[in-house]
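Accompanying notes for the structure given below.
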Amino acid sequence: MTTIVKLFCSAGMSTSLFAQKMQKEAEVRGLDFDVKAYGLAEVDTEGPKADVIMIGPQARYMLNEVAGKFPNTPVKDIPMQMYGLMQGDKGLDMAIELLG
């Protein structure tokens, strides 16, 4: 079964690059993950489909609101350094950890 990871940020632009790096890392590891990025405007429609929700650093202020909307889904903000360095491997590790 595919694990669905959705990343949300202000507009979804730089976060889409981070999502691509996470997706590539999942493929390298042979994991069945679907990682995509969206703007926060899409959180109500895309959030319910996610196994894990990650919030870009520039939208960290929305963390509690998003977590409140999806109490049964792990929600975490992406650390600024990990995001700035585009460490998709560490992002994937974080998503896996959130899944338990």
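Following the order of the structure tokens, first chain is A, next is B, and so on, with residues numbered from 1 inside each chain and ligands from 1 in the order they appear.
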> DSSP on the backbone: what in chain A comes out strand (DSSP E), as a PyMOL selection string?
Replying inline: chain A and resi 3-9+33-39+52-55+75-77
May I have the selected residues written with N, CA and C atoms, as an mmCIF file, in the first residue's frame?
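File written: result.cif
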data_model
loop_
_atom_site.group_PDB
_atom_site.id
_atom_site.type_symbol
_atom_site.label_atom_id
_atom_site.label_comp_id
_atom_site.auth_asym_id
_atom_site.auth_seq_id
_atom_site.Cartn_x
_atom_site.Cartn_y
_atom_site.Cartn_z
ATOM 1 N N THR A 3 2.213 4.826 0.803
ATOM 2 C CA THR A 3 2.157 5.801 1.889
ATOM 3 C C THR A 3 2.113 7.191 1.268
ATOM 4 N N ILE A 4 1.096 7.971 1.646
ATOM 5 C CA ILE A 4 0.907 9.286 1.056
ATOM 6 C C ILE A 4 1.392 10.366 2.010
ATOM 7 N N VAL A 5 2.391 11.122 1.546
ATOM 8 C CA VAL A 5 2.948 12.218 2.328
ATOM 9 C C VAL A 5 2.641 13.512 1.591
ATOM 10 N N LYS A 6 1.997 14.439 2.283
ATOM 11 C CA LYS A 6 1.652 15.722 1.670
ATOM 12 C C LYS A 6 2.370 16.831 2.420
ATOM 13 N N LEU A 7 3.056 17.671 1.655
ATOM 14 C CA LEU A 7 3.766 18.818 2.198
ATOM 15 C C LEU A 7 2.967 20.071 1.860
ATOM 16 N N PHE A 8 2.851 20.951 2.825
ATOM 17 C CA PHE A 8 2.124 22.203 2.608
ATOM 18 C C PHE A 8 2.997 23.393 2.974
ATOM 19 N N CYS A 9 2.921 24.438 2.154
ATOM 20 C CA CYS A 9 3.611 25.683 2.470
ATOM 21 C C CYS A 9 2.776 26.829 1.914
ATOM 22 N N PHE A 33 6.183 5.197 -1.615
ATOM 23 C CA PHE A 33 5.735 6.481 -1.095
ATOM 24 C C PHE A 33 5.262 7.372 -2.235
ATOM 25 N N ASP A 34 4.276 8.210 -1.941
ATOM 26 C CA ASP A 34 3.829 9.235 -2.879
ATOM 27 C C ASP A 34 3.952 10.561 -2.133
ATOM 28 N N VAL A 35 4.959 11.354 -2.503
ATOM 29 C CA VAL A 35 5.245 12.615 -1.813
ATOM 30 C C VAL A 35 4.952 13.774 -2.761
ATOM 31 N N LYS A 36 4.049 14.657 -2.343
ATOM 32 C CA LYS A 36 3.701 15.809 -3.182
ATOM 33 C C LYS A 36 3.543 17.060 -2.316
ATOM 34 N N ALA A 37 3.715 18.217 -2.952
ATOM 35 C CA ALA A 37 3.605 19.495 -2.252
ATOM 36 C C ALA A 37 2.397 20.277 -2.740
ATOM 37 N N TYR A 38 1.817 21.036 -1.817
ATOM 38 C CA TYR A 38 0.629 21.843 -2.105
ATOM 39 C C TYR A 38 0.721 23.169 -1.367
ATOM 40 N N GLY A 39 -0.041 24.131 -1.825
ATOM 41 C CA GLY A 39 -0.189 25.374 -1.084
ATOM 42 C C GLY A 39 -1.163 25.153 0.069
ATOM 43 N N VAL A 52 0.694 11.226 6.225
ATOM 44 C CA VAL A 52 1.555 12.138 6.976
ATOM 45 C C VAL A 52 1.441 13.521 6.339
ATOM 46 N N ILE A 53 1.363 14.561 7.183
ATOM 47 C CA ILE A 53 1.339 15.942 6.701
ATOM 48 C C ILE A 53 2.574 16.653 7.254
ATOM 49 N N MET A 54 3.307 17.289 6.346
ATOM 50 C CA MET A 54 4.483 18.061 6.752
ATOM 51 C C MET A 54 4.295 19.504 6.295
ATOM 52 N N ILE A 55 4.663 20.430 7.170
ATOM 53 C CA ILE A 55 4.468 21.855 6.910
ATOM 54 C C ILE A 55 5.819 22.511 6.669
ATOM 55 N N VAL A 75 1.201 15.319 12.030
ATOM 56 C CA VAL A 75 1.492 16.613 11.394
ATOM 57 C C VAL A 75 2.751 17.174 12.050
ATOM 58 N N LYS A 76 3.729 17.559 11.230
ATOM 59 C CA LYS A 76 4.985 18.088 11.763
ATOM 60 C C LYS A 76 5.522 19.153 10.825
ATOM 61 N N ASP A 77 6.224 20.127 11.399
ATOM 62 C CA ASP A 77 6.867 21.132 10.555
ATOM 63 C C ASP A 77 8.261 20.642 10.170
#
> So which bits of chain A end up helix (DSSP H, G or I) when you DSSP the backbone, as a PyMOL selection string?
Replying inline: chain A and resi 13-28+40-49+57-69+80-84+88-99
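When only C-alpha atoms are used to measure the gap to Gln81 (chain A), the shortest distance among A:Leu40, A:Asp51, A:Pro57, A:Lys24 belongs to A:Pro57.
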> Can you tell me, as an MDAnalysis selection string, what residues are no more than 8 Å from Met82 (chain A) when counting only C-alpha atoms, ignoring any on the same chain fewer than 6 positions away?
Replying inline: chainID A and resid 88 90:91
> Hey, can you check how far CA of Asp44 (chain A) sits from CA of Lys21 (chain A)?
Replying inline: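 Atom-to-atom, CA of Asp44 (chain A) and CA of Lys21 (chain A) are spaced 24.4 Å apart.
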> Between A:Pro79, A:Pro74, A:Gly100, A:Gly30, which is the closest to Gly47 (chain A) once you count only C-alpha atoms?
Replying inline: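 Under the stated criterion, the closest residue is A:Pro74.
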>> Could you tell me how far CA of Gln23 (chain A) sits from CA of Arg60 (chain A), in Å to one decimal place?
In response: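 Taking CA of Arg60 (chain A) and CA of Gln23 (chain A), their separation equals 21.8 Å.
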Go through region 8-32 of chain A and flag each residue having an atom no more than 12 Å from region 95-99 of chain A; for those, report the closest pair of atoms plus their distance in Å to one decimal, using only C-alpha atoms, ordered by chain and rising number, as CSV.
residue,atom,partner,partner_atom,distance
A:Ala19,CA,A:Ala95,CA,11.3
A:Met22,CA,A:Ala95,CA,9.4
A:Gln23,CA,A:Ala95,CA,11.3
A:Glu25,CA,A:Ala95,CA,11.9
A:Ala26,CA,A:Ile96,CA,10.2
A:Leu31,CA,A:Ile96,CA,10.3
A:Asp32,CA,A:Ile96,CA,11.6
> With only C-alpha atoms as the atoms that count, which of A:Ala50, A:Met13, A:Met1, A:Phe18 lies nearest to Pro71 (chain A)?
Replying inline: A:Ala50
> Could you name the residues that touch Pro48 (chain A) at 9 Å or less, counting only C-alpha atoms, but leaving out those on the same chain fewer than 4 positions away, as a PyMOL selection string?
Replying inline: chain A and resi 43-44+70+73
Keeping only N, CA, C and O atoms, write the selected residues to a file as a PDB file, in the first residue's frame.
ATOM      1  N   VAL A  43      -5.139  22.584   1.852  1.00  0.00           N
ATOM      2  CA  VAL A  43      -5.034  21.671   2.993  1.00  0.00           C
ATOM      3  C   VAL A  43      -6.363  20.978   3.307  1.00  0.00           C
ATOM      4  O   VAL A  43      -6.380  19.806   3.659  1.00  0.00           O
ATOM      5  N   ASP A  44      -7.485  21.668   3.133  1.00  0.00           N
ATOM      6  CA  ASP A  44      -8.783  21.060   3.458  1.00  0.00           C
ATOM      7  C   ASP A  44      -9.164  19.952   2.477  1.00  0.00           C
ATOM      8  O   ASP A  44      -9.835  18.989   2.867  1.00  0.00           O
ATOM      9  N   PHE A  70      -6.772  17.658  11.504  1.00  0.00           N
ATOM     10  CA  PHE A  70      -6.513  16.250  11.194  1.00  0.00           C
ATOM     11  C   PHE A  70      -5.923  15.540  12.417  1.00  0.00           C
ATOM     12  O   PHE A  70      -4.753  15.159  12.424  1.00  0.00           O
ATOM     13  N   THR A  73      -3.965  12.201  11.963  1.00  0.00           N
ATOM     14  CA  THR A  73      -2.851  12.183  11.010  1.00  0.00           C
ATOM     15  C   THR A  73      -1.646  12.865  11.655  1.00  0.00           C
ATOM     16  O   THR A  73      -1.797  13.954  12.207  1.00  0.00           O
TER      17      THR A  73
END
>> Please list as a PyMOL selection string every residue within 10 Å of Met80 (chain A), counting only C-alpha atoms and excluding residues in the same chain fewer than 4 positions away.
In response: chain A and resi 56-58+60+84-86
